[in-house]
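The file data12.tsv contains TSV, C-alpha atoms and all ligand atoms:
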```
chain	number	residue	atom	x	y	z
A	1	MET	CA	22.67	100.80	-44.36
A	2	TYR	CA	23.69	97.85	-42.21
A	3	ARG	CA	25.70	99.85	-39.67
A	4	ALA	CA	22.72	101.02	-37.65
A	5	GLU	CA	21.54	97.42	-37.24
A	6	LEU	CA	25.00	96.21	-36.26
A	7	VAL	CA	25.37	98.99	-33.71
A	8	ARG	CA	21.90	98.27	-32.32
A	9	MET	CA	22.88	94.62	-31.73
A	10	ALA	CA	26.22	95.62	-30.18
A	11	LYS	CA	24.47	97.94	-27.74
A	12	GLU	CA	22.03	95.21	-26.79
A	13	SER	CA	24.93	92.85	-26.27
A	14	ILE	CA	26.78	95.35	-24.03
A	15	SER	CA	23.62	95.96	-22.04
A	16	HIS	CA	23.03	92.24	-21.46
A	17	ALA	CA	26.67	91.76	-20.55
A	18	ALA	CA	26.34	94.47	-17.89
A	19	SER	CA	23.26	92.87	-16.40
A	20	GLY	CA	24.39	89.27	-16.85
A	21	THR	CA	21.22	88.42	-18.77
A	22	VAL	CA	20.08	86.95	-22.09
A	23	ASN	CA	16.83	87.33	-24.01
A	24	GLN	CA	15.02	84.35	-22.58
A	25	ALA	CA	12.32	82.59	-24.55
A	26	GLN	CA	8.91	82.43	-22.89
A	27	ASP	CA	9.17	78.82	-21.86
A	28	VAL	CA	11.14	75.62	-22.19
A	29	PHE	CA	10.39	74.16	-25.62
A	30	ARG	CA	9.94	70.49	-26.42
A	31	VAL	CA	10.68	68.82	-29.77
A	32	PRO	CA	9.41	65.25	-30.27
A	33	ALA	CA	12.32	62.83	-30.59
A	34	GLU	CA	10.77	61.41	-33.74
A	35	ALA	CA	11.45	64.76	-35.45
A	36	TYR	CA	15.02	63.51	-35.65
A	37	THR	CA	14.35	59.86	-36.44
A	38	ASP	CA	11.15	59.41	-38.44
A	39	GLU	CA	11.94	58.52	-42.05
A	40	ALA	CA	8.62	59.79	-43.48
A	41	ARG	CA	9.12	63.13	-41.77
A	42	HIS	CA	12.70	63.22	-43.03
A	43	LYS	CA	11.50	62.84	-46.62
A	44	ARG	CA	8.86	65.50	-46.04
A	45	GLU	CA	11.52	67.90	-44.72
A	46	ILE	CA	13.57	67.37	-47.87
A	47	ASP	CA	10.54	67.97	-50.09
A	48	ARG	CA	9.01	70.87	-48.17
A	49	ILE	CA	12.15	72.65	-46.98
A	50	PHE	CA	15.18	71.75	-49.08
A	51	LYS	CA	13.34	71.43	-52.39
A	52	ARG	CA	11.19	74.54	-51.91
A	53	LEU	CA	13.41	77.11	-50.20
A	54	PRO	CA	16.45	78.90	-51.60
A	55	LEU	CA	19.67	77.16	-50.54
A	56	VAL	CA	23.15	78.63	-50.41
A	57	LEU	CA	24.83	76.34	-52.93
A	58	ALA	CA	28.02	78.33	-53.46
A	59	ALA	CA	30.06	81.29	-52.40
A	60	THR	CA	30.97	83.82	-55.06
A	61	ALA	CA	34.59	82.96	-54.21
A	62	GLU	CA	34.02	79.51	-55.74
A	63	LEU	CA	33.21	80.90	-59.18
A	64	PRO	CA	34.57	84.43	-59.31
A	65	GLU	CA	35.55	84.65	-63.00
A	66	ASN	CA	33.43	84.62	-66.13
A	67	GLY	CA	33.32	81.04	-67.39
A	68	ASP	CA	33.77	79.54	-63.92
A	69	TYR	CA	31.32	76.81	-62.99
A	70	LYS	CA	30.42	74.52	-60.11
A	71	ALA	CA	28.58	71.21	-60.45
A	72	MET	CA	27.18	69.51	-57.37
A	73	GLU	CA	24.38	67.42	-55.98
A	74	ALA	CA	22.05	68.95	-53.42
A	75	VAL	CA	19.68	66.47	-51.72
A	76	GLY	CA	20.08	64.28	-54.80
A	77	VAL	CA	19.35	67.04	-57.31
A	78	PRO	CA	22.15	67.64	-59.84
A	79	VAL	CA	22.89	71.37	-60.12
A	80	LEU	CA	25.18	73.27	-62.45
A	81	MET	CA	26.03	76.91	-61.64
A	82	THR	CA	27.84	78.99	-64.24
A	83	ARG	CA	29.11	82.53	-64.51
A	84	GLY	CA	28.40	83.75	-68.04
A	85	LYS	CA	30.35	86.15	-70.16
A	86	ASP	CA	28.03	88.88	-68.87
A	87	GLY	CA	29.26	88.13	-65.32
A	88	ALA	CA	25.85	86.87	-64.19
A	89	VAL	CA	25.46	83.60	-62.31
A	90	ARG	CA	22.95	81.10	-63.69
A	91	ALA	CA	21.84	77.77	-62.31
A	92	PHE	CA	20.53	74.74	-64.17
A	93	MET	CA	19.52	71.18	-63.67
A	94	ASN	CA	22.78	69.44	-64.50
A	95	SER	CA	21.03	67.08	-66.86
A	96	CYS	CA	21.56	66.74	-70.60
A	97	THR	CA	18.35	67.19	-72.55
A	98	HIS	CA	19.19	64.22	-74.78
A	99	ARG	CA	18.95	61.40	-72.25
A	100	GLY	CA	19.58	63.06	-68.95
A	101	THR	CA	23.06	62.33	-67.67
A	102	TYR	CA	25.12	65.06	-66.01
A	103	VAL	CA	26.74	67.42	-68.53
A	104	ALA	CA	29.44	68.32	-65.99
A	105	VAL	CA	30.84	66.01	-63.35
A	106	GLU	CA	30.85	67.20	-59.76
A	107	GLY	CA	33.47	69.89	-59.14
A	108	ARG	CA	34.56	73.31	-60.29
A	109	GLY	CA	36.26	74.57	-63.43
A	110	ASN	CA	36.25	77.14	-66.17
A	111	THR	CA	34.89	76.54	-69.64
A	112	ALA	CA	32.96	78.17	-72.45
A	113	LEU	CA	31.14	74.96	-73.38
A	114	PHE	CA	29.87	71.85	-71.63
A	115	THR	CA	30.09	68.75	-73.79
A	116	CYS	CA	27.97	65.89	-72.53
A	117	PRO	CA	30.19	62.86	-71.87
A	118	TYR	CA	27.58	60.40	-73.21
A	119	HIS	CA	26.93	61.33	-76.88
A	120	GLY	CA	28.59	64.71	-77.13
A	121	TRP	CA	25.78	67.27	-77.16
A	122	THR	CA	27.14	70.69	-76.30
A	123	PHE	CA	25.71	73.49	-74.14
A	124	ASN	CA	27.06	76.97	-73.52
A	125	ARG	CA	27.36	78.77	-70.16
A	126	GLU	CA	23.95	80.30	-70.67
A	127	GLY	CA	22.46	76.81	-70.92
A	128	ALA	CA	21.66	76.91	-74.63
A	129	LEU	CA	22.08	73.74	-76.68
A	130	VAL	CA	24.65	74.77	-79.28
A	131	GLY	CA	25.69	71.44	-80.75
A	132	ILE	CA	24.02	68.10	-81.53
A	133	ALA	CA	26.44	65.32	-82.45
A	134	SER	CA	25.83	63.90	-85.94
A	135	ARG	CA	22.92	66.23	-86.30
A	136	GLU	CA	22.18	65.08	-89.85
A	137	ASP	CA	21.57	61.54	-88.56
A	138	PHE	CA	19.71	62.43	-85.38
A	139	GLY	CA	16.42	63.72	-86.75
A	140	ASP	CA	14.33	66.83	-86.42
A	141	VAL	CA	14.47	68.52	-83.00
A	142	ASP	CA	14.49	72.20	-82.12
A	143	PRO	CA	17.68	73.11	-80.19
A	144	ALA	CA	15.99	76.27	-78.93
A	145	CYS	CA	13.62	74.06	-76.91
A	146	LEU	CA	16.36	71.79	-75.59
A	147	GLY	CA	18.50	74.06	-73.43
A	148	LEU	CA	19.45	73.07	-69.88
A	149	LYS	CA	16.54	73.54	-67.50
A	150	PRO	CA	17.11	76.79	-65.53
A	151	LEU	CA	16.71	77.02	-61.76
A	152	PRO	CA	15.86	80.23	-59.85
A	153	VAL	CA	19.08	81.82	-58.61
A	154	LEU	CA	20.17	84.97	-56.79
A	155	GLU	CA	23.69	86.16	-56.01
A	156	ARG	CA	23.80	88.51	-53.04
A	157	ALA	CA	26.42	89.45	-50.46
A	158	GLY	CA	28.97	87.14	-52.07
A	159	LEU	CA	26.74	84.08	-51.74
A	160	ILE	CA	24.67	82.23	-54.32
A	161	TRP	CA	21.15	81.01	-53.51
A	162	VAL	CA	19.42	78.46	-55.74
A	163	ILE	CA	15.95	76.93	-55.59
A	164	LEU	CA	15.97	73.28	-56.63
A	165	ASP	CA	12.45	73.48	-58.09
A	166	PRO	CA	12.57	74.87	-61.66
A	167	LYS	CA	8.90	75.85	-61.42
A	168	SER	CA	9.28	77.83	-58.19
A	169	THR	CA	8.17	81.46	-58.24
A	170	LEU	CA	9.30	82.16	-54.66
A	171	ASP	CA	10.86	85.61	-54.32
A	172	ILE	CA	14.37	84.83	-53.06
A	173	ALA	CA	15.01	88.43	-51.96
A	174	ALA	CA	11.84	88.35	-49.85
A	175	PHE	CA	12.92	85.04	-48.32
A	176	LEU	CA	16.17	86.70	-47.23
A	177	SER	CA	14.10	89.16	-45.16
A	178	GLY	CA	16.75	91.88	-45.30
A	179	TYR	CA	19.38	89.58	-43.76
A	180	ASP	CA	21.45	89.82	-46.94
A	181	ASP	CA	21.89	93.55	-46.29
A	182	LEU	CA	23.76	92.64	-43.10
A	183	LEU	CA	25.73	89.82	-44.69
A	184	GLN	CA	26.81	92.36	-47.28
A	185	ALA	CA	28.94	93.95	-44.55
A	186	PHE	CA	31.40	91.04	-44.80
A	187	GLY	CA	32.16	91.86	-48.46
A	188	PHE	CA	32.40	88.16	-49.34
A	189	GLU	CA	32.29	88.94	-53.07
A	190	HIS	CA	35.96	89.94	-52.73
A	191	TRP	CA	37.12	87.03	-50.52
A	192	HIS	CA	39.11	83.95	-51.57
A	193	LEU	CA	38.38	80.26	-51.21
A	194	PHE	CA	41.18	78.72	-49.15
A	195	SER	CA	40.03	75.16	-48.61
A	196	GLN	CA	37.03	72.90	-48.26
A	197	ARG	CA	35.98	69.47	-47.06
A	198	THR	CA	32.77	67.50	-46.53
A	199	ILE	CA	32.08	65.56	-43.34
A	200	LYS	CA	29.34	63.18	-42.36
A	201	GLY	CA	27.08	63.90	-39.40
A	202	PRO	CA	23.84	62.94	-37.65
A	203	ASN	CA	20.32	64.09	-38.61
A	204	TRP	CA	20.64	67.53	-40.20
A	205	LYS	CA	18.65	69.18	-37.40
A	206	ILE	CA	20.83	67.65	-34.67
A	207	ALA	CA	23.83	69.04	-36.55
A	208	TYR	CA	22.18	72.43	-37.08
A	209	ASP	CA	21.04	72.69	-33.46
A	210	GLY	CA	24.72	72.86	-32.55
A	211	TYR	CA	25.41	75.90	-34.74
A	212	LEU	CA	22.66	77.81	-32.93
A	213	ASP	CA	23.82	76.73	-29.50
A	214	PHE	CA	26.42	78.49	-27.34
A	215	TYR	CA	25.14	76.70	-24.21
A	216	HIS	CA	27.45	73.76	-24.98
A	217	LEU	CA	30.61	75.71	-25.81
A	218	PRO	CA	32.54	75.60	-22.49
A	219	VAL	CA	31.57	71.98	-21.90
A	220	LEU	CA	31.84	70.10	-25.20
A	221	HIS	CA	34.52	72.42	-26.56
A	222	GLY	CA	36.28	73.07	-23.26
A	223	ASP	CA	39.51	71.41	-24.45
A	224	THR	CA	39.58	73.28	-27.76
A	225	PHE	CA	37.93	76.67	-27.25
A	226	GLY	CA	38.59	76.84	-23.49
A	227	ARG	CA	36.43	76.36	-20.41
A	228	ASP	CA	36.09	80.07	-19.76
A	229	ILE	CA	34.21	80.72	-23.01
A	230	SER	CA	30.69	82.03	-22.35
A	231	ASN	CA	27.68	79.72	-22.59
A	232	LYS	CA	25.28	82.65	-23.06
A	233	ALA	CA	23.80	83.66	-26.40
A	234	LEU	CA	21.69	86.42	-27.87
A	235	TYR	CA	19.60	85.74	-30.96
A	236	PHE	CA	18.76	88.32	-33.60
A	237	ALA	CA	16.28	87.21	-36.25
A	238	TRP	CA	15.43	88.33	-39.75
A	239	GLY	CA	12.64	86.06	-40.87
A	240	PRO	CA	13.95	82.52	-40.28
A	241	HIS	CA	17.61	83.62	-40.36
A	242	GLN	CA	19.40	84.19	-37.07
A	243	ARG	CA	22.60	85.77	-35.89
A	244	VAL	CA	23.95	84.32	-32.64
A	245	ALA	CA	26.15	86.56	-30.49
A	246	THR	CA	27.66	86.37	-27.03
A	247	PRO	CA	26.34	89.07	-24.69
A	248	SER	CA	29.60	90.86	-24.15
A	249	ALA	CA	31.24	94.24	-24.32
A	250	GLN	CA	34.37	92.42	-25.45
A	251	VAL	CA	34.86	91.08	-28.91
A	252	PRO	CA	37.88	89.56	-30.64
A	253	SER	CA	40.13	92.13	-32.22
A	254	PRO	CA	40.46	91.71	-35.97
A	255	ASP	CA	44.17	92.51	-35.79
A	256	THR	CA	45.39	90.67	-32.76
A	257	ALA	CA	42.76	88.09	-31.85
A	258	ASN	CA	42.85	89.75	-28.44
A	259	LEU	CA	39.75	91.27	-26.95
A	260	ILE	CA	38.51	94.81	-27.56
A	261	ARG	CA	36.17	96.49	-25.09
A	262	LEU	CA	33.57	98.26	-27.17
A	263	ASP	CA	32.11	100.05	-24.17
A	264	GLU	CA	35.44	101.82	-23.60
A	265	ARG	CA	35.44	103.33	-27.09
A	266	PRO	CA	33.18	105.92	-28.69
A	267	GLU	CA	30.58	104.42	-30.99
A	268	SER	CA	32.16	106.16	-33.97
A	269	GLU	CA	35.22	103.91	-33.50
A	270	TRP	CA	33.26	100.65	-33.59
A	271	ASP	CA	34.45	99.15	-36.84
A	272	THR	CA	32.29	96.94	-39.00
A	273	GLU	CA	34.58	93.92	-38.72
A	274	THR	CA	34.35	93.98	-34.94
A	275	LEU	CA	30.57	94.39	-35.06
A	276	LEU	CA	30.21	91.24	-37.20
A	277	SER	CA	31.36	88.82	-34.48
A	278	GLY	CA	29.31	85.76	-33.65
A	279	VAL	CA	27.68	83.10	-35.80
A	280	TRP	CA	25.46	84.05	-38.72
A	281	THR	CA	23.05	81.28	-39.65
A	282	ILE	CA	21.08	81.21	-42.88
A	283	PHE	CA	17.94	79.10	-42.74
A	284	PRO	CA	17.65	76.25	-43.32
A	285	HIS	CA	21.20	74.97	-43.60
A	286	VAL	CA	24.11	77.39	-43.39
A	287	SER	CA	26.28	78.81	-40.63
A	288	ILE	CA	29.04	81.41	-40.98
A	289	ALA	CA	31.59	81.86	-38.19
A	290	SER	CA	34.64	84.13	-38.08
A	291	PHE	CA	38.19	83.03	-37.27
A	292	TYR	CA	41.58	84.71	-37.36
A	293	GLY	CA	44.03	81.86	-38.02
A	294	GLY	CA	46.03	82.96	-41.06
A	295	GLY	CA	44.34	86.33	-41.46
A	296	ARG	CA	40.68	87.17	-41.31
A	297	GLY	CA	38.62	84.15	-42.30
A	298	VAL	CA	35.23	82.55	-42.08
A	299	MET	CA	34.06	78.97	-42.15
A	300	ILE	CA	30.84	78.62	-44.12
A	301	SER	CA	29.17	75.34	-43.19
A	302	GLN	CA	26.52	74.04	-45.60
A	303	LEU	CA	24.41	71.20	-44.19
A	304	PHE	CA	22.43	68.78	-46.32
A	305	PRO	CA	20.21	65.94	-45.14
A	306	GLY	CA	21.37	62.47	-46.12
A	307	GLU	CA	19.22	59.77	-47.64
A	308	ASN	CA	18.18	58.57	-44.21
A	309	ALA	CA	17.00	60.52	-41.17
A	310	GLY	CA	20.12	59.56	-39.23
A	311	GLU	CA	22.69	61.13	-41.57
A	312	SER	CA	23.70	64.47	-42.95
A	313	PHE	CA	26.61	65.91	-44.88
A	314	THR	CA	28.30	69.21	-44.12
A	315	THR	CA	30.53	70.99	-46.56
A	316	GLN	CA	32.93	73.34	-44.81
A	317	LEU	CA	34.24	76.17	-46.97
A	318	TYR	CA	37.11	78.18	-45.50
A	319	LEU	CA	37.27	81.66	-46.99
A	320	LEU	CA	39.99	84.21	-46.37
A	321	GLU	CA	39.55	87.92	-46.84
A	322	SER	CA	42.99	88.27	-48.47
A	323	GLU	CA	45.27	85.94	-50.37
A	324	PRO	CA	47.44	84.41	-47.63
A	325	THR	CA	51.21	84.76	-47.36
A	326	PRO	CA	53.11	81.45	-46.92
A	327	SER	CA	53.08	81.82	-43.11
A	328	GLU	CA	49.39	82.79	-43.11
A	329	ARG	CA	48.69	79.76	-45.28
A	330	GLU	CA	50.27	77.56	-42.63
A	331	GLU	CA	48.22	79.23	-39.89
A	332	ALA	CA	45.01	78.98	-41.90
A	333	THR	CA	45.66	75.28	-42.52
A	334	LYS	CA	46.10	74.71	-38.77
A	335	GLN	CA	42.93	76.68	-38.02
A	336	PHE	CA	40.91	74.73	-40.57
A	337	GLU	CA	42.25	71.42	-39.20
A	338	LEU	CA	41.25	72.46	-35.68
A	339	LEU	CA	37.75	73.24	-36.94
A	340	LYS	CA	37.54	69.78	-38.47
A	341	TYR	CA	38.32	68.28	-35.09
A	342	VAL	CA	35.88	70.58	-33.28
A	343	VAL	CA	32.99	69.82	-35.63
A	344	GLN	CA	33.64	66.21	-36.59
A	345	THR	CA	35.02	64.80	-33.35
A	346	GLU	CA	33.43	67.00	-30.71
A	347	ASP	CA	30.10	68.10	-32.24
A	348	TYR	CA	29.12	65.40	-34.68
A	349	GLU	CA	30.35	62.37	-32.73
A	350	THR	CA	28.31	63.65	-29.79
A	351	GLY	CA	25.42	64.21	-32.20
A	352	MET	CA	25.74	60.66	-33.56
A	353	ARG	CA	25.41	59.31	-30.02
A	354	GLN	CA	22.37	61.54	-29.50
A	355	GLN	CA	20.98	60.16	-32.76
A	356	LYS	CA	21.49	56.56	-31.62
A	357	ALA	CA	19.87	57.22	-28.27
A	358	LEU	CA	16.83	58.82	-29.87
A	359	GLN	CA	16.54	56.03	-32.41
A	360	ALA	CA	16.68	53.55	-29.52
A	361	GLY	CA	13.64	55.26	-28.01
A	362	ALA	CA	15.53	56.64	-25.02
A	363	LEU	CA	13.48	59.87	-24.97
A	364	ASP	CA	10.06	60.97	-26.17
A	365	LYS	CA	11.11	64.61	-26.40
A	366	VAL	CA	14.23	66.74	-26.35
A	367	LEU	CA	14.36	70.08	-24.56
A	368	PHE	CA	15.37	73.58	-25.57
A	369	GLY	CA	15.72	75.87	-22.57
A	370	ARG	CA	14.62	79.46	-22.25
A	371	ASN	CA	18.26	80.34	-22.93
A	372	GLU	CA	18.13	78.39	-26.22
A	373	ALA	CA	15.74	80.62	-28.12
A	374	GLY	CA	17.65	80.14	-31.36
A	375	GLY	CA	16.96	76.41	-31.39
A	376	GLN	CA	13.34	77.09	-30.48
A	377	ASN	CA	12.96	79.53	-33.38
A	378	PHE	CA	14.61	77.12	-35.77
A	379	HIS	CA	12.33	74.19	-34.88
A	380	ARG	CA	9.23	76.41	-35.07
A	381	TRP	CA	10.24	77.46	-38.58
A	382	VAL	CA	10.85	73.84	-39.60
A	383	GLN	CA	7.38	72.91	-38.38
A	384	THR	CA	5.83	75.93	-40.08
A	385	LEU	CA	7.42	74.96	-43.37
A	386	LEU	CA	6.17	71.39	-43.03
A	387	ASP	CA	2.65	72.69	-42.37
A	388	THR	CA	2.57	75.30	-45.16
A	389	ASP	CA	1.19	74.46	-48.59
A	390	ASP	CA	2.81	75.78	-51.74
A	391	GLY	CA	0.12	78.42	-52.21
A	392	ASN	CA	0.89	80.01	-48.84
A	393	LEU	CA	4.67	79.71	-48.93
A	394	GLN	CA	5.44	83.20	-50.24
A	395	ALA	CA	3.28	84.80	-47.55
A	396	LEU	CA	5.67	83.52	-44.87
A	397	PHE	CA	8.37	85.86	-46.12
A	398	LEU	CA	6.46	89.12	-46.58
A	399	PRO	CA	7.06	91.86	-45.76
A	400	ARG	CA	10.84	91.69	-45.72
A	401	ARG	CA	11.61	92.88	-42.21
A	402	ALA	CA	8.40	92.70	-40.26
A	403	ALA	CA	8.56	88.93	-39.87
A	404	ALA	CA	11.59	89.25	-37.60
A	405	GLU	CA	10.21	91.83	-35.24
B	501	LIG	FE1	23.92	63.82	-73.29
B	501	LIG	FE2	23.28	61.87	-74.91
B	501	LIG	S1	22.82	62.04	-72.78
B	501	LIG	S2	24.43	63.62	-75.34
```
As C-alpha cells - that is how I would like this structure written.
Amino acid sequence: MYRAELVRMAKESISHAASGTVNQAQDVFRVPAEAYTDEARHKREIDRIFKRLPLVLAATAELPENGDYKAMEAVGVPVLMTRGKDGAVRAFMNSCTHRGTYVAVEGRGNTALFTCPYHGWTFNREGALVGIASREDFGDVDPACLGLKPLPVLERAGLIWVILDPKSTLDIAAFLSGYDDLLQAFGFEHWHLFSQRTIKGPNWKIAYDGYLDFYHLPVLHGDTFGRDISNKALYFAWGPHQRVATPSAQVPSPDTANLIRLDERPESEWDTETLLSGVWTIFPHVSIASFYGGGRGVMISQLFPGENAGESFTTQLYLLESEPTPSEREEATKQFELLKYVVQTEDYETGMRQQKALQAGALDKVLFGRNEAGGQNFHRWVQTLLDTDDGNLQALFLPRRAAAE
C-alpha cells in the first residue's frame, strides 16, 4: 500500500537531483519574532495545539508486553499508558480518583495493579478502581464511577498517539491523514528501545524548525556530518505531517552505510528500507531520522514546550531494528552520543542564541526562504491551529489525503 507512494517520492527526488532543483515555495515567508518569544502566545500554543491534537507519547517498543506501562508528564499533564492483558494500549490521566496524586511515578515498568502511594487505593491496567483501603471505614462510594480518567489513544505503525483532553472527540486516524500508512513501512512495532535521554532547548518552534531544515546541514553540522552534505530538501506532506528528503539519486545503503544509486537499478529492486531515507516529522512535535551506527536504527525526537516561551524539552529515543550484538551495542552507543552532541551542542546552543537575540528585540521577523517550504508549512499549520475553534478542528483533517495535495 505504501510502496507506490515511496516510489513516487523517490522518482521525484531523482528527477530533482538530475535538474539540480527543489520544490520552491511561492515566496519568502516571514514569521513575527514574537511567535517565538511572546508568553501569552506560548500558553495559547500549548492549549490549542498540544492539549488538543494527538501527540506521540510513546513508541510501542517502550511498552511491548502485556502489563507494561509508561508514566510521564506532557506539557504538565500526568499521563499513564498501559498495555492490558488483551494487548491493547490504554491511556489515562495519571491521577488517583481519591485525592489526585499520581498513581504511578514517572517511568516505565510492568505490573498488574497500580497502588496509589498516598492512601493505597488500587487500580488495574484497564483503569478500574479495584481496591479502596479500609473500605469499611471510608464510606459509601461507587468504585465503578471512580476509575482512572481515560484519554483518547491510538496505536499505529509502532507509535502511540494520545490526546491530553479526556473530552476530545477528534478522530486520531483522520488527523494522521494517511501518513501512518507510510510510517508503517518501518515496522516499528517489532523494533527495540536501545536508549533515551531528554535535553533542554530553546522555544519549541525554534527547535522544530531545525528538524525541517536541511539548509543548515553543511554549515552548522559541517564538522560532524561533513561539509559536502547537501543543503537541498524536498518536502512531502500528508496533512500537517511532512517527510523531508534530499533530492538525490543516491541514498545510504542499509547494509554498508555507503551510497546506492537508485537510478542505476530497476525499480523492482528499490527496497523499502532504502526508500525510507530522510527525516519523517509528525506534527506538531516529533521527528524520526534513520542512522546505521550499530545496525539499523532511528532516533525519534519528541519535543515539548517548556513552561516559558524560551524553553523546550526534547526526549530522544534511540530504537534499533534488531537486538544489538556487543559490538553493535558499542557502535550504537557512539552513534547516540554523536547525536547528542549534534542536537544539544550544535542545534540547540545555536537555537538558544537565536532565542536570546529575538527576546532582545534584534529582529521583527525571521525569514523562511523559498527553499524552506517545510518550515513555511509548519508555521502556517501552527497559525491555523491557533485560529481554529474547537468546533472546526475536525474539519482541518478531513478527508484523510486530500489535505496534503
Ligand atoms: Fe490516592 Fe489517596 S490520593 S489513595
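For the pair atom CA of Pro117 of chain A and atom CA of Pro305 of chain A, the interatomic distance is 28.7 Å.
Note that the spacing between atom CA of Ala395 of chain A and atom CA of Tyr2 of chain A amounts to 24.8 Å.
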If we count all atoms listed in the file and set the cut-off at 6 Å, which residues sit around segment 188-200 of chain A, ignoring sequence neighbours fewer than 4 positions away in its own chain? Please answer as a PyMOL selection string. chain A and resi 60-61+158+312-321
Resulting file, chosen residues, C-alpha atoms, as a PDB file, in the coordinates of the input:
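Saved file part25.pdb follows:
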```
ATOM      1  CA  THR A  60      30.970  83.820 -55.060  1.00  0.00           C
ATOM      2  CA  ALA A  61      34.590  82.960 -54.210  1.00  0.00           C
ATOM      3  CA  GLY A 158      28.970  87.140 -52.070  1.00  0.00           C
ATOM      4  CA  SER A 312      23.700  64.470 -42.950  1.00  0.00           C
ATOM      5  CA  PHE A 313      26.610  65.910 -44.880  1.00  0.00           C
ATOM      6  CA  THR A 314      28.300  69.210 -44.120  1.00  0.00           C
ATOM      7  CA  THR A 315      30.530  70.990 -46.560  1.00  0.00           C
ATOM      8  CA  GLN A 316      32.930  73.340 -44.810  1.00  0.00           C
ATOM      9  CA  LEU A 317      34.240  76.170 -46.970  1.00  0.00           C
ATOM     10  CA  TYR A 318      37.110  78.180 -45.500  1.00  0.00           C
ATOM     11  CA  LEU A 319      37.270  81.660 -46.990  1.00  0.00           C
ATOM     12  CA  LEU A 320      39.990  84.210 -46.370  1.00  0.00           C
ATOM     13  CA  GLU A 321      39.550  87.920 -46.840  1.00  0.00           C
TER      14      GLU A 321
END
```
Produce as a PDB file with C-alpha atoms, keeping the file's coordinate frame the set of residues near ligand LIG 501 (chain B), where near means within 9 Å with all atoms listed in the file considered.
```pdb
ATOM      1  CA  SER A  95      21.030  67.080 -66.860  1.00  0.00           C
ATOM      2  CA  CYS A  96      21.560  66.740 -70.600  1.00  0.00           C
ATOM      3  CA  THR A  97      18.350  67.190 -72.550  1.00  0.00           C
ATOM      4  CA  HIS A  98      19.190  64.220 -74.780  1.00  0.00           C
ATOM      5  CA  ARG A  99      18.950  61.400 -72.250  1.00  0.00           C
ATOM      6  CA  GLY A 100      19.580  63.060 -68.950  1.00  0.00           C
ATOM      7  CA  THR A 101      23.060  62.330 -67.670  1.00  0.00           C
ATOM      8  CA  TYR A 102      25.120  65.060 -66.010  1.00  0.00           C
ATOM      9  CA  VAL A 103      26.740  67.420 -68.530  1.00  0.00           C
ATOM     10  CA  THR A 115      30.090  68.750 -73.790  1.00  0.00           C
ATOM     11  CA  CYS A 116      27.970  65.890 -72.530  1.00  0.00           C
ATOM     12  CA  PRO A 117      30.190  62.860 -71.870  1.00  0.00           C
ATOM     13  CA  TYR A 118      27.580  60.400 -73.210  1.00  0.00           C
ATOM     14  CA  HIS A 119      26.930  61.330 -76.880  1.00  0.00           C
ATOM     15  CA  GLY A 120      28.590  64.710 -77.130  1.00  0.00           C
ATOM     16  CA  TRP A 121      25.780  67.270 -77.160  1.00  0.00           C
ATOM     17  CA  THR A 122      27.140  70.690 -76.300  1.00  0.00           C
ATOM     18  CA  ILE A 132      24.020  68.100 -81.530  1.00  0.00           C
ATOM     19  CA  ALA A 133      26.440  65.320 -82.450  1.00  0.00           C
TER      20      ALA A 133
END
```
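Here the question is which of A:Ala362, A:Gly76, A:Ala18, A:Pro202 gets nearest to Gln344 of chain A using all atoms listed in the file, and that residue is A:Pro202.
For the pair atom CA of Ser134 of chain A and atom CA of Met93 of chain A, the interatomic distance is 24.3 Å.
Residues surrounding Leu129 of chain A within 6 Å are Thr122, Phe123, Pro143 and Gly147 of chain A [all atoms listed in the file; sequence separation below 3 positions excluded].
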Just checking: using only C-alpha atoms, which residue out of A:Glu267, A:Glu34, A:Glu65, A:Glu73 ends up closest to Asp86 of chain A? A:Glu65
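When only C-alpha atoms are used to compute distances to Glu106 of chain A, the closest of the residues A:Gln354, A:Asn94, A:Gln26, A:Ser177 turns out to be A:Asn94.
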Centre and edge lengths, as lines of an AutoDock Vina configuration file, for the axis-aligned box enclosing every listed atom of segment 151-169 of chain A with 3 Å of padding on each of the six sides, in Å to one decimal?
```
center_x = 18.6
center_y = 81.4
center_z = -56.1
size_x = 26.8
size_y = 22.2
size_z = 17.3
```
Restricting the calculation to only C-alpha atoms: of A:Cys145, A:Ala33, A:Leu151, A:Val342, which residue gets closest to Pro78 of chain A? A:Leu151
